[in-house]
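For reference, upload06.cif (mmCIF, C-alpha atoms):
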data_model
loop_
_atom_site.label_atom_id
_atom_site.label_comp_id
_atom_site.auth_asym_id
_atom_site.auth_seq_id
_atom_site.Cartn_x
_atom_site.Cartn_y
_atom_site.Cartn_z
CA MET I 113 49.61 256.98 122.94
CA THR I 114 45.90 257.57 122.74
CA THR I 115 43.43 254.80 123.22
CA ALA I 116 43.54 252.73 120.08
CA PRO I 117 40.29 251.38 118.68
CA ASP I 118 39.78 247.63 118.57
CA LYS I 119 41.68 246.09 115.72
CA ARG I 120 39.35 244.86 113.06
CA PRO I 121 39.68 241.12 112.37
CA ALA I 122 40.48 239.90 108.87
CA PHE I 123 37.23 237.95 108.72
CA GLU I 124 33.65 238.78 109.56
CA PRO I 125 32.22 237.22 112.73
CA PRO I 126 29.84 234.33 112.03
CA ALA I 127 27.17 236.34 113.87
CA GLN I 128 27.09 238.39 110.66
CA LEU I 129 25.03 235.51 109.30
CA LEU I 130 22.29 236.54 111.72
CA LYS I 131 22.09 240.13 110.54
CA PRO I 132 18.45 241.17 110.54
CA THR I 133 16.59 241.74 107.32
CA ARG I 134 15.64 245.26 106.32
CA TYR I 135 12.40 246.98 107.38
CA ASP I 136 10.71 247.58 104.04
CA PRO I 137 6.88 247.34 104.00
CA ASP I 138 6.72 248.30 100.31
CA MET I 139 9.06 245.52 99.18
CA LYS I 140 8.03 243.88 95.92
CA ARG I 141 7.35 240.14 96.09
CA PRO I 142 10.60 238.44 95.04
CA GLY I 143 10.80 235.61 92.52
CA SER I 144 11.97 233.17 95.20
CA THR I 145 8.70 233.53 97.13
CA VAL I 146 6.65 232.96 93.98
CA ALA I 147 8.82 229.98 93.02
CA GLY I 148 8.36 228.48 96.49
CA VAL I 149 4.58 228.87 96.30
CA VAL I 150 4.46 227.32 92.81
CA LEU I 151 6.49 224.34 94.07
CA VAL I 152 4.20 223.92 97.08
CA LEU I 153 1.21 223.94 94.71
CA LEU I 154 2.95 221.22 92.65
CA ARG I 155 3.23 219.22 95.89
CA VAL I 156 -0.50 219.82 96.46
CA ILE I 157 -1.30 218.58 92.94
CA ALA I 158 0.87 215.49 93.51
CA GLY I 159 -1.07 214.83 96.74
CA VAL I 160 -4.43 215.21 95.00
CA VAL I 161 -3.32 212.81 92.25
CA TRP I 162 -2.23 210.34 94.89
CA ILE I 163 -5.58 210.52 96.72
CA ALA I 164 -7.45 210.17 93.42
CA SER I 165 -5.44 207.10 92.45
CA ILE I 166 -6.31 205.45 95.77
CA ALA I 167 -9.98 206.36 95.42
CA LEU I 168 -10.17 204.95 91.90
CA GLU I 169 -8.83 201.55 92.97
CA TRP I 170 -10.31 201.55 96.44
CA GLN I 171 -11.14 197.83 96.60
CA LYS I 172 -7.67 196.79 95.41
CA TYR I 173 -6.02 198.91 98.11
CA VAL I 174 -8.39 197.55 100.78
CA ARG I 175 -7.56 193.93 99.76
CA GLU I 176 -3.81 194.58 99.80
CA LEU I 177 -3.79 196.39 103.12
CA ASP I 178 -2.89 194.19 106.08
CA VAL I 179 -3.15 195.91 109.42
CA SER I 180 -2.59 192.82 111.61
CA TYR I 181 -0.90 193.87 114.81
CA GLU I 182 -0.19 191.39 117.61
CA GLU I 183 -3.51 189.69 118.46
CA VAL I 184 -5.65 191.88 116.22
CA ILE I 185 -6.43 190.04 112.98
CA SER I 186 -6.97 192.25 109.94
CA THR I 187 -10.49 192.12 108.57
CA PRO I 188 -11.76 193.93 105.45
CA GLN I 189 -13.74 196.30 107.71
CA ILE I 190 -10.70 197.25 109.78
CA ALA I 191 -8.57 197.62 106.65
CA GLU I 192 -11.16 199.86 105.02
CA THR I 193 -11.49 202.07 108.12
CA THR I 194 -7.70 202.39 108.41
CA LEU I 195 -7.36 203.34 104.76
CA LEU I 196 -10.18 205.88 105.12
CA VAL I 197 -8.50 207.49 108.12
CA ALA I 198 -5.15 207.57 106.28
CA VAL I 199 -6.68 209.14 103.18
CA ILE I 200 -8.55 211.74 105.24
CA ALA I 201 -5.34 212.61 107.11
CA LEU I 202 -3.54 212.95 103.79
CA GLY I 203 -6.38 215.12 102.48
CA VAL I 204 -6.18 217.41 105.52
CA PHE I 205 -2.41 217.69 105.03
CA VAL I 206 -2.77 218.53 101.33
CA LEU I 207 -5.49 221.09 102.06
CA SER I 208 -3.48 222.79 104.79
CA ASP I 209 -0.47 222.83 102.46
CA ALA I 210 -2.54 224.70 99.88
CA ILE I 211 -3.88 227.16 102.47
CA LEU I 212 -0.35 227.78 103.84
CA ALA I 213 0.93 228.42 100.29
CA PHE I 214 -1.70 231.15 100.00
CA PHE I 215 -0.45 232.78 103.21
CA VAL I 216 3.19 232.54 102.07
CA LEU I 217 2.23 234.36 98.87
CA GLY I 218 0.73 237.09 101.04
CA GLY I 219 4.05 237.33 102.87
CA HIS I 220 3.23 235.78 106.26
CA ASN I 221 6.37 234.57 107.98
CA TRP I 222 4.71 231.97 110.23
CA ALA I 223 3.31 230.14 107.19
CA ARG I 224 6.75 230.15 105.59
CA VAL I 225 8.33 228.69 108.74
CA VAL I 226 5.61 225.99 109.02
CA ILE I 227 6.06 224.92 105.38
CA MET I 228 9.85 224.89 105.73
CA SER I 229 9.53 222.77 108.90
CA PHE I 230 7.28 220.26 107.09
CA SER I 231 9.82 220.03 104.26
CA ALA I 232 12.79 219.72 106.60
CA ILE I 233 11.13 216.88 108.56
CA SER I 234 10.19 215.09 105.33
CA ILE I 235 13.72 215.48 103.91
CA THR I 236 15.33 214.28 107.15
CA THR I 237 13.06 211.20 107.25
CA SER I 238 13.90 210.30 103.64
CA PHE I 239 17.58 210.90 104.23
CA LEU I 240 17.71 208.65 107.32
CA GLN I 241 15.86 205.87 105.50
CA TRP I 242 18.21 206.24 102.54
CA TRP I 243 21.35 206.37 104.70
CA ASP I 244 20.50 203.70 107.29
CA ASP I 245 18.10 201.33 105.55
CA GLY I 246 19.32 201.75 101.98
CA LEU I 247 15.96 203.05 100.79
CA GLU I 248 16.22 203.39 97.03
CA ILE I 249 15.46 206.93 95.91
CA SER I 250 15.04 206.92 92.15
CA ILE I 251 12.79 208.57 89.63
CA ALA I 252 10.46 205.55 89.89
CA THR I 253 10.09 205.96 93.66
CA THR I 254 10.47 209.12 95.67
CA LEU I 255 13.08 211.25 93.88
CA LEU I 256 10.42 213.68 92.69
CA THR I 257 8.85 214.23 96.11
CA VAL I 258 12.24 214.52 97.84
CA GLY I 259 13.41 216.89 95.10
CA LEU I 260 10.26 218.97 95.44
CA ASP I 261 10.72 219.23 99.22
CA ILE I 262 14.34 220.35 98.85
CA LEU I 263 13.51 222.90 96.16
CA ILE I 264 10.69 224.31 98.30
CA LEU I 265 13.11 224.65 101.21
CA LEU I 266 15.76 226.30 99.01
CA ALA I 267 13.29 228.81 97.59
CA LEU I 268 11.59 229.77 100.84
CA SER I 269 14.79 229.90 102.92
CA SER I 270 16.53 232.27 100.49
CA ARG I 271 17.48 235.72 101.80
CA SER I 272 15.03 237.49 99.50
CA ALA I 273 12.10 235.27 100.57
CA ALA I 274 13.05 235.81 104.22
CA ALA I 275 13.33 239.56 103.73
CA TYR I 276 9.90 239.62 102.09
CA ALA I 277 8.27 237.58 104.87
CA ARG I 278 9.86 239.88 107.47
CA ARG I 279 9.42 243.15 105.59
CA ASN I 280 7.22 244.56 108.38
CA GLU I 281 9.61 243.68 111.22
CA ARG I 282 11.72 246.48 112.59
CA PRO I 283 15.26 245.37 113.46
CA MET C 48 40.00 249.72 124.55
CA THR C 49 36.40 250.72 124.23
CA ASP C 50 34.14 248.70 126.39
CA GLN C 51 30.73 249.57 125.07
CA PRO C 52 28.00 247.02 125.57
CA ARG C 53 27.45 245.33 122.25
CA SER C 54 23.82 245.08 121.35
CA ARG C 55 22.62 241.63 120.36
CA ARG C 56 21.68 242.07 116.74
CA TYR C 57 20.04 238.71 116.29
CA SER C 58 16.92 236.93 117.44
CA ILE C 59 15.42 233.44 117.57
CA GLY C 60 13.54 234.13 114.32
CA LEU C 61 16.73 234.96 112.46
CA ALA C 62 18.47 231.92 113.91
CA ILE C 63 15.60 229.80 112.54
CA ASP C 64 16.02 231.49 109.16
CA TRP C 65 19.68 230.62 109.07
CA PHE C 66 19.08 227.07 110.22
CA PHE C 67 16.80 226.55 107.22
CA PHE C 68 19.17 228.45 104.92
CA VAL C 69 22.08 226.14 105.78
CA PHE C 70 19.88 223.03 105.99
CA ALA C 71 18.54 223.69 102.49
CA GLY C 72 22.07 224.15 101.18
CA VAL C 73 23.16 220.80 102.59
CA ALA C 74 19.98 219.09 101.36
CA ALA C 75 20.60 220.49 97.88
CA VAL C 76 24.04 218.87 97.85
CA TRP C 77 22.33 215.56 98.58
CA LEU C 78 19.74 216.17 95.85
CA ALA C 79 22.52 216.92 93.35
CA TYR C 80 24.23 213.67 94.37
CA LEU C 81 20.97 211.71 93.96
CA SER C 82 20.32 213.16 90.51
CA LEU C 83 23.90 212.38 89.48
CA THR C 84 23.72 208.71 90.58
CA GLU C 85 20.31 208.42 88.91
CA THR C 86 21.92 209.24 85.53
CA PHE C 87 23.60 205.82 85.49
CA HIS C 88 20.30 203.94 85.77
CA VAL C 89 18.06 205.52 83.20
CA GLY C 90 19.88 205.13 79.88
CA TRP C 91 19.44 207.97 77.42
CA TRP C 92 17.26 209.83 79.89
CA GLY C 93 20.49 210.23 81.81
CA VAL C 94 21.24 213.30 79.70
CA VAL C 95 18.25 215.02 81.31
CA PHE C 96 19.58 214.16 84.75
CA VAL C 97 23.07 215.44 83.93
CA LEU C 98 21.42 218.70 82.91
CA ALA C 99 19.33 218.71 86.11
CA PHE C 100 22.51 218.04 88.10
CA TRP C 101 24.26 221.01 86.51
CA VAL C 102 21.27 223.33 87.05
CA LEU C 103 21.06 222.27 90.70
CA LEU C 104 24.77 222.66 91.25
CA ALA C 105 25.28 225.93 89.39
CA TYR C 106 22.15 227.82 90.34
CA LEU C 107 21.22 226.46 93.77
CA VAL C 108 24.00 224.55 95.54
CA LEU C 109 27.16 226.53 94.78
CA PRO C 110 25.55 229.99 95.17
CA ARG C 111 24.22 228.99 98.56
CA LEU C 112 27.56 227.55 99.70
CA HIS C 113 29.36 230.70 98.49
CA ARG C 114 26.75 232.87 100.22
CA ILE C 115 27.33 231.11 103.55
CA LEU C 116 31.12 231.05 103.30
CA THR C 117 31.72 234.54 101.87
CA THR C 118 29.52 236.07 104.56
CA ILE C 119 32.22 234.93 106.95
CA TYR C 120 35.47 235.31 105.05
CA VAL C 121 35.01 238.26 102.68
CA PRO C 122 35.30 241.56 104.59
CA ASP C 123 32.24 243.75 104.37
CA TYR C 124 34.02 247.11 104.15
CA PHE C 125 35.25 248.92 101.03
CA ILE C 126 38.08 247.02 99.33
CA GLY C 127 37.79 248.56 95.89
CA ARG C 128 35.75 245.68 94.54
CA ALA C 129 32.05 245.15 94.01
CA ARG C 130 30.60 241.83 95.16
CA THR C 131 28.22 239.48 93.37
CA SER C 132 24.89 238.48 94.90
CA ASP C 133 26.64 235.31 96.14
CA GLY C 134 29.16 237.45 98.01
CA LEU C 135 32.10 236.69 95.68
CA LEU C 136 34.41 239.48 94.57
CA GLY C 137 33.09 241.16 91.43
CA ASP C 138 34.19 243.93 89.09
CA PRO C 139 36.82 246.42 90.33
CA VAL C 140 35.70 249.93 91.21
CA ASN C 141 37.59 251.99 88.64
CA LEU C 142 35.74 255.30 88.32
CA ALA C 143 34.47 257.99 90.65
CA PHE C 144 32.11 260.91 90.03
CA LEU C 145 31.23 264.21 91.61
CA GLY C 146 27.71 265.54 91.02
CA GLU C 147 24.02 264.84 91.30
CA ALA C 148 22.23 261.80 89.86
CA GLN C 149 20.41 263.91 87.26
CA GLN C 150 23.68 265.45 86.08
CA LEU C 151 25.19 261.98 85.78
CA HIS C 152 22.19 260.79 83.76
CA ALA C 153 22.49 263.82 81.49
CA ALA C 154 26.22 263.32 80.96
CA MET C 155 25.90 259.59 80.21
CA ALA C 156 22.98 260.09 77.81
CA GLU C 157 24.87 262.82 75.97
CA ALA C 158 27.92 260.55 75.70
CA GLY C 159 25.86 257.94 73.88
CA TRP C 160 25.12 255.48 76.67
CA THR C 161 21.83 253.67 77.27
CA LYS C 162 20.42 253.13 80.75
CA ALA C 163 19.98 249.42 81.57
CA GLU C 164 16.52 248.15 82.49
CA PRO C 165 16.06 246.52 85.89
CA VAL C 166 16.22 242.71 86.00
CA THR C 167 12.69 241.34 85.70
CA PHE C 168 11.26 238.15 84.28
CA GLY C 169 10.30 239.97 81.07
CA SER C 170 13.71 241.57 80.54
CA SER C 171 15.53 238.29 81.37
CA TRP C 172 13.43 236.46 78.80
CA ARG C 173 14.20 239.16 76.24
CA ILE C 174 17.93 238.61 76.84
CA VAL C 175 17.52 234.90 76.05
CA THR C 176 15.52 235.51 72.88
CA SER C 177 17.73 238.36 71.66
CA THR C 178 20.85 236.23 72.25
CA LEU C 179 19.41 233.25 70.37
CA THR C 180 18.14 235.35 67.48
CA ARG C 181 21.16 237.70 67.59
CA ARG C 182 18.84 240.68 67.73
CA SER C 183 19.79 243.94 69.34
CA TYR C 184 18.59 244.74 72.89
CA ASP C 185 20.40 247.88 73.92
CA GLU C 186 18.53 248.44 77.21
CA ALA C 187 19.37 244.89 78.38
CA PRO C 188 19.63 244.67 82.17
CA VAL C 189 22.97 244.08 83.83
CA SER C 190 23.40 241.60 86.65
CA PRO C 191 23.30 243.03 90.18
CA LEU C 192 26.64 243.75 91.85
CA PHE C 193 26.90 245.02 95.41
CA LEU C 194 28.91 247.82 96.99
CA PHE C 195 28.31 249.30 100.46
CA GLY C 196 25.92 246.34 100.88
CA ARG C 197 23.66 247.75 98.15
CA GLN C 198 22.88 246.78 94.59
CA GLN C 199 23.98 249.32 91.97
CA ASP C 200 21.71 252.36 91.79
CA PHE C 201 21.73 252.29 88.00
CA ALA C 202 23.85 251.08 85.12
CA TYR C 203 24.65 252.29 81.62
CA GLN C 204 25.75 250.34 78.57
CA GLN C 205 26.69 250.47 74.95
CA GLU C 206 26.15 247.60 72.55
CA VAL C 207 28.80 246.48 70.11
CA ASP C 208 27.51 245.89 66.57
CA GLY C 209 24.12 244.82 67.92
CA ASN C 210 25.68 241.70 69.45
CA PRO C 211 24.19 241.05 72.92
CA ALA C 212 27.17 238.89 73.96
CA GLN C 213 29.50 241.90 73.80
CA ARG C 214 28.84 245.23 75.45
CA HIS C 215 30.35 248.09 77.35
CA HIS C 216 28.75 248.57 80.73
CA VAL C 217 29.26 250.62 83.85
CA ARG C 218 27.46 250.34 87.19
CA PHE C 219 27.00 253.27 89.59
CA TRP C 220 26.68 253.34 93.36
CA LYS C 221 25.91 256.42 95.45
CA CYS C 222 28.43 256.73 98.25
CA PRO C 223 27.04 256.85 101.79
CA GLU C 224 26.65 260.34 103.28
CA GLY C 225 29.99 261.70 104.47
CA TRP C 226 31.95 258.71 103.21
CA LEU C 227 35.57 259.24 102.18
CA LEU C 228 37.69 257.17 99.83
CA PRO C 229 40.74 255.46 101.32
CA GLY C 230 43.21 258.33 101.35
CA GLY C 231 40.56 260.87 102.22
CA SER C 232 39.12 262.14 98.93
CA ARG C 233 35.42 262.81 98.90
CA VAL C 234 33.38 261.58 95.92
CA ASP C 235 29.63 261.31 95.37
CA TRP C 236 29.53 258.21 93.18
CA LEU C 237 31.67 255.17 92.58
CA ALA C 238 31.41 253.18 89.39
CA ALA C 239 32.70 249.94 87.94
CA GLY C 240 33.09 249.78 84.18
CA THR C 241 33.91 246.55 82.38
CA PHE C 242 33.62 245.19 78.86
CA ASP C 243 31.76 241.93 78.22
CA THR C 244 33.68 239.96 75.63
CA SER C 245 31.58 236.80 75.29
CA VAL C 246 29.19 234.48 77.06
CA GLY C 247 30.79 231.65 79.01
CA LEU C 248 30.74 229.57 82.17
CA SER C 249 31.64 231.14 85.49
CA LEU C 250 34.61 229.49 87.18
CA PHE C 251 33.21 229.58 90.70
CA THR C 252 29.52 228.90 90.24
CA LEU C 253 29.50 227.15 86.80
CA GLN C 254 26.70 229.51 85.79
CA ILE C 255 26.33 230.92 82.29
CA THR C 256 27.53 234.48 82.46
CA HIS C 257 29.33 237.20 80.53
CA ARG C 258 33.10 237.01 80.46
CA ILE C 259 34.75 240.38 80.91
CA ASP C 260 37.83 241.82 79.28
CA ALA C 261 40.81 241.42 81.61
CA ASP C 262 42.16 244.86 80.79
CA THR C 263 39.62 246.94 82.71
CA ASP C 264 41.64 250.13 82.07
CA ILE C 265 40.61 250.13 78.41
CA GLU C 266 36.95 250.23 79.40
CA ARG C 267 37.58 252.86 82.08
CA ASP C 268 39.36 255.11 79.59
CA HIS C 269 36.65 254.48 76.98
CA ILE C 270 33.97 255.69 79.40
CA LEU C 271 35.98 258.79 80.30
CA GLN C 272 36.78 259.51 76.67
CA THR C 273 33.11 259.35 75.58
CA LEU C 274 32.11 261.58 78.51
CA THR C 275 34.71 264.27 78.01
CA ALA C 276 34.33 264.23 74.23
CA ALA C 277 30.57 264.81 74.53
CA ASP C 278 30.68 267.60 77.10
CA GLU C 279 33.62 269.90 77.72
CA LEU C 280 32.16 270.97 81.08
CA ILE C 281 33.25 267.62 82.51
CA THR C 282 36.69 267.73 84.10
CA VAL C 283 38.75 264.75 85.22
CA GLN C 284 41.20 264.48 88.07
CA ILE C 285 43.19 261.27 88.58
CA LEU C 286 44.10 259.55 91.83
CA LYS C 287 47.34 257.82 90.88
CA ASP C 288 47.87 254.22 91.97
CA PHE C 289 44.60 254.11 93.86
CA SER C 290 44.26 250.36 93.45
CA THR C 291 47.62 249.32 92.06
CA GLY C 292 48.16 245.63 92.04
CA TYR C 293 44.84 244.00 91.27
CA HIS C 294 45.93 240.77 89.73
CA ALA C 295 42.87 238.93 90.84
CA ARG C 296 39.70 237.45 89.48
CA ASN C 297 36.16 238.76 89.47
CA GLY C 298 33.06 236.82 90.57
CA GLY C 299 32.88 235.09 87.20
CA GLY C 300 36.47 233.91 87.49
CA ASP C 301 37.93 236.27 84.87
CA SER C 302 41.33 237.75 85.55
CA ILE C 303 41.64 241.50 85.89
CA ARG C 304 44.59 243.79 85.06
CA THR C 305 44.76 247.47 85.86
CA ASP C 306 47.30 250.23 86.40
CA GLY C 307 45.37 251.18 89.53
CA ASP C 308 44.54 254.78 88.69
CA LEU C 309 41.14 256.07 89.80
CA PRO C 310 39.86 258.96 87.67
CA ILE C 311 37.37 261.27 89.36
CA ALA C 312 35.05 262.84 86.78
CA ASP C 313 33.43 266.09 87.85
CA VAL C 314 29.95 266.48 86.31
CA ARG C 315 28.82 269.26 88.69
CA HIS C 316 28.70 271.80 85.88
CA VAL C 317 26.58 269.67 83.57
CA PRO C 318 23.01 270.98 83.35
CA ALA C 319 20.70 268.41 84.96
CA VAL C 320 17.77 267.00 83.01
CA THR C 321 14.79 265.26 84.48
CA ARG C 322 14.32 261.87 82.92
#
Can I see the file as structure tokens?
Amino acid sequence: MTTAPDKRPAFEPPAQLLKPTRYDPDMKRPGSTVAGVVLVLLRVIAGVVWIASIALEWQKYVRELDVSYEEVISTPQIAETTLLVAVIALGVFVLSDAILAFFVLGGHNWARVVIMSFSAISITTSFLQWWDDGLEISIATTLLTVGLDILILLALSSRSAAAYARRNERP
Amino acid sequence: MTDQPRSRRYSIGLAIDWFFFVFAGVAAVWLAYLSLTETFHVGWWGVVFVLAFWVLLAYLVLPRLHRILTTIYVPDYFIGRARTSDGLLGDPVNLAFLGEAQQLHAAMAEAGWTKAEPVTFGSSWRIVTSTLTRRSYDEAPVSPLFLFGRQQDFAYQQEVDGNPAQRHHVRFWKCPEGWLLPGGSRVDWLAAGTFDTSVGLSLFTLQITHRIDADTDIERDHILQTLTAADELITVQILKDFSTGYHARNGGGDSIRTDGDLPIADVRHVPAVTR
């Protein structure tokens, strides 16, 4: 008998999941990429609204904030500084989100991976709080932001969005 | 036993892609669960959440789960069936053609078929409006089905009484260079022709889709009959019992019956037109 070729298994190897995307520099931007960018921009708008709502009731937030930690007693000055730092950090995050969305639209893979990582971390945090500490996730609390994060991740992780972001990579 | 070194076809970047792909699928299951439990707390607004739950499940969660699972368990070589974009088994391949693309276009146009537009946002929206208003849209796009790992090259259709829910349609795929059918016949094109009977819910993904007529032979013979009636230069040879014994379901969950014959239509003598 001649040498028989390897018998083909009845199922595809899981490594098939890691098949590279096609090299296609002229690929049209798929709907999933656009959808992901629109959702990220919604997240940016939500962030801006949040910052604006804090700014409008600045004094109320300063009064309610208690940053006492061990021996340090919270004073209005410390509370105000803390809030300022937090709002600036939030602002930087929102701004970078918007800039990254712009790069994703242009088809840059690193921006897509960074945004997906942000979303994944945020989802995991919410999930752990919900699972362990019984954090209530309802429409009145964080369902919208969690939902937005998950939809962003779904859109940007889809095969078409990945193929678009990697259209210039040769396998 | 061949002992060739197998090249690693994957990289860190692709592993990251798949991590996020699977992670997002799992997260979406959680989101669907959250939106379902939320329906019990918000009174009449619950209807909105039930709808959101269905949209999430049908269009995001189930397709992604099917995509992950079928990549592993549905073989990727020719098994006489097209596959949906989720990887599920789709319409049966029930026609083959010999000839060039332009000759095929000429033959189909002459036989009274309309070429389907590609799926875009505009054409999808037109499907919705034409369905609601019951207006005719005879170049309506057909959903993508995959063969040889590729979406159909083009598709043709015929409307029935201007009703967009019912239509004849046939998708065409160019065979890879040098590819032979099981059994050894050489053909240039494979095609899958089915008849949409109504609009309904898909069994596997719960999506709104066209239901197809179970008797795919009727549609196959209709396509052949229109072709040969329009142009006597087209000859047909039949591979008997090519796919005997399909008693299965397509990607939308419809059952399929066929006698298993594969007609090979020869359009090589049809004068080509440039369209």
Give me the result of the PyMOL selection byres ((chain C) within 10 of (chain I)) on this file, residue by residue, as JSON, numbers by chain. {"C": [48, 49, 50, 55, 56, 57, 58, 59, 60, 61, 62, 63, 64, 65, 66, 67, 68, 69, 70, 71, 72, 73, 74, 75, 76, 77, 78, 79, 81, 82, 84, 85, 86, 88, 89, 103, 107, 108, 111, 114, 115, 116, 117, 118, 119, 120, 121, 122, 123, 124, 167, 168]}
Care to translate the PyMOL selection byres ((chain I and resi 151-163) around 12) into actual residues of this file, as a PyMOL selection string? chain I and resi 144-150+164-170+173+195-196+198-217+223-224+227-228+230-231+254+256-268
Trp236 in chain C surroundings by only C-alpha atoms, 9 Å radius, close-in-sequence under 6 positions cut, as a ChimeraX atom specification: /C:142-148,219-222
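Minimum distance to Ser183 in chain C across C:Arg214, C:Lys287, C:Lys162, C:His113 (counting only C-alpha atoms) occurs at C:Arg214.
Within 10 Å of Gln171 in chain I, once only C-alpha atoms are used and residues closer than 6 positions along the same chain are dropped, the contacting residues are Leu177, Pro188 and Glu192 of chain I.
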Expected residue set, 12 Å radius at (18.0, 237.6, 73.9), all atoms listed in the file, as a PyMOL selection string: chain C and resi 169-188+209-212
Residues picked by the PyMOL selection byres ((chain C and resi 278-282) around 9) here, as a ChimeraX atom specification? /C:154,157-158,273-277,283-284,311-317
For CA of Pro229 in chain C and CA of Ser290 in chain C, the interatomic separation in Å (one decimal): 10.0 Å
One decimal place gives the CA of Leu109 in chain C-CA of Val94 in chain C separation as 20.9 Å
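What separates CA of Phe195 in chain C from CA of Ala238 in chain C is a distance of 12.1 Å.
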Need the neighbours of (33.6, 241.9, 82.7): which residues are at most 7 Å away, counting all atoms listed in the file, as a ChimeraX atom specification? /C:138,241-243,257-260
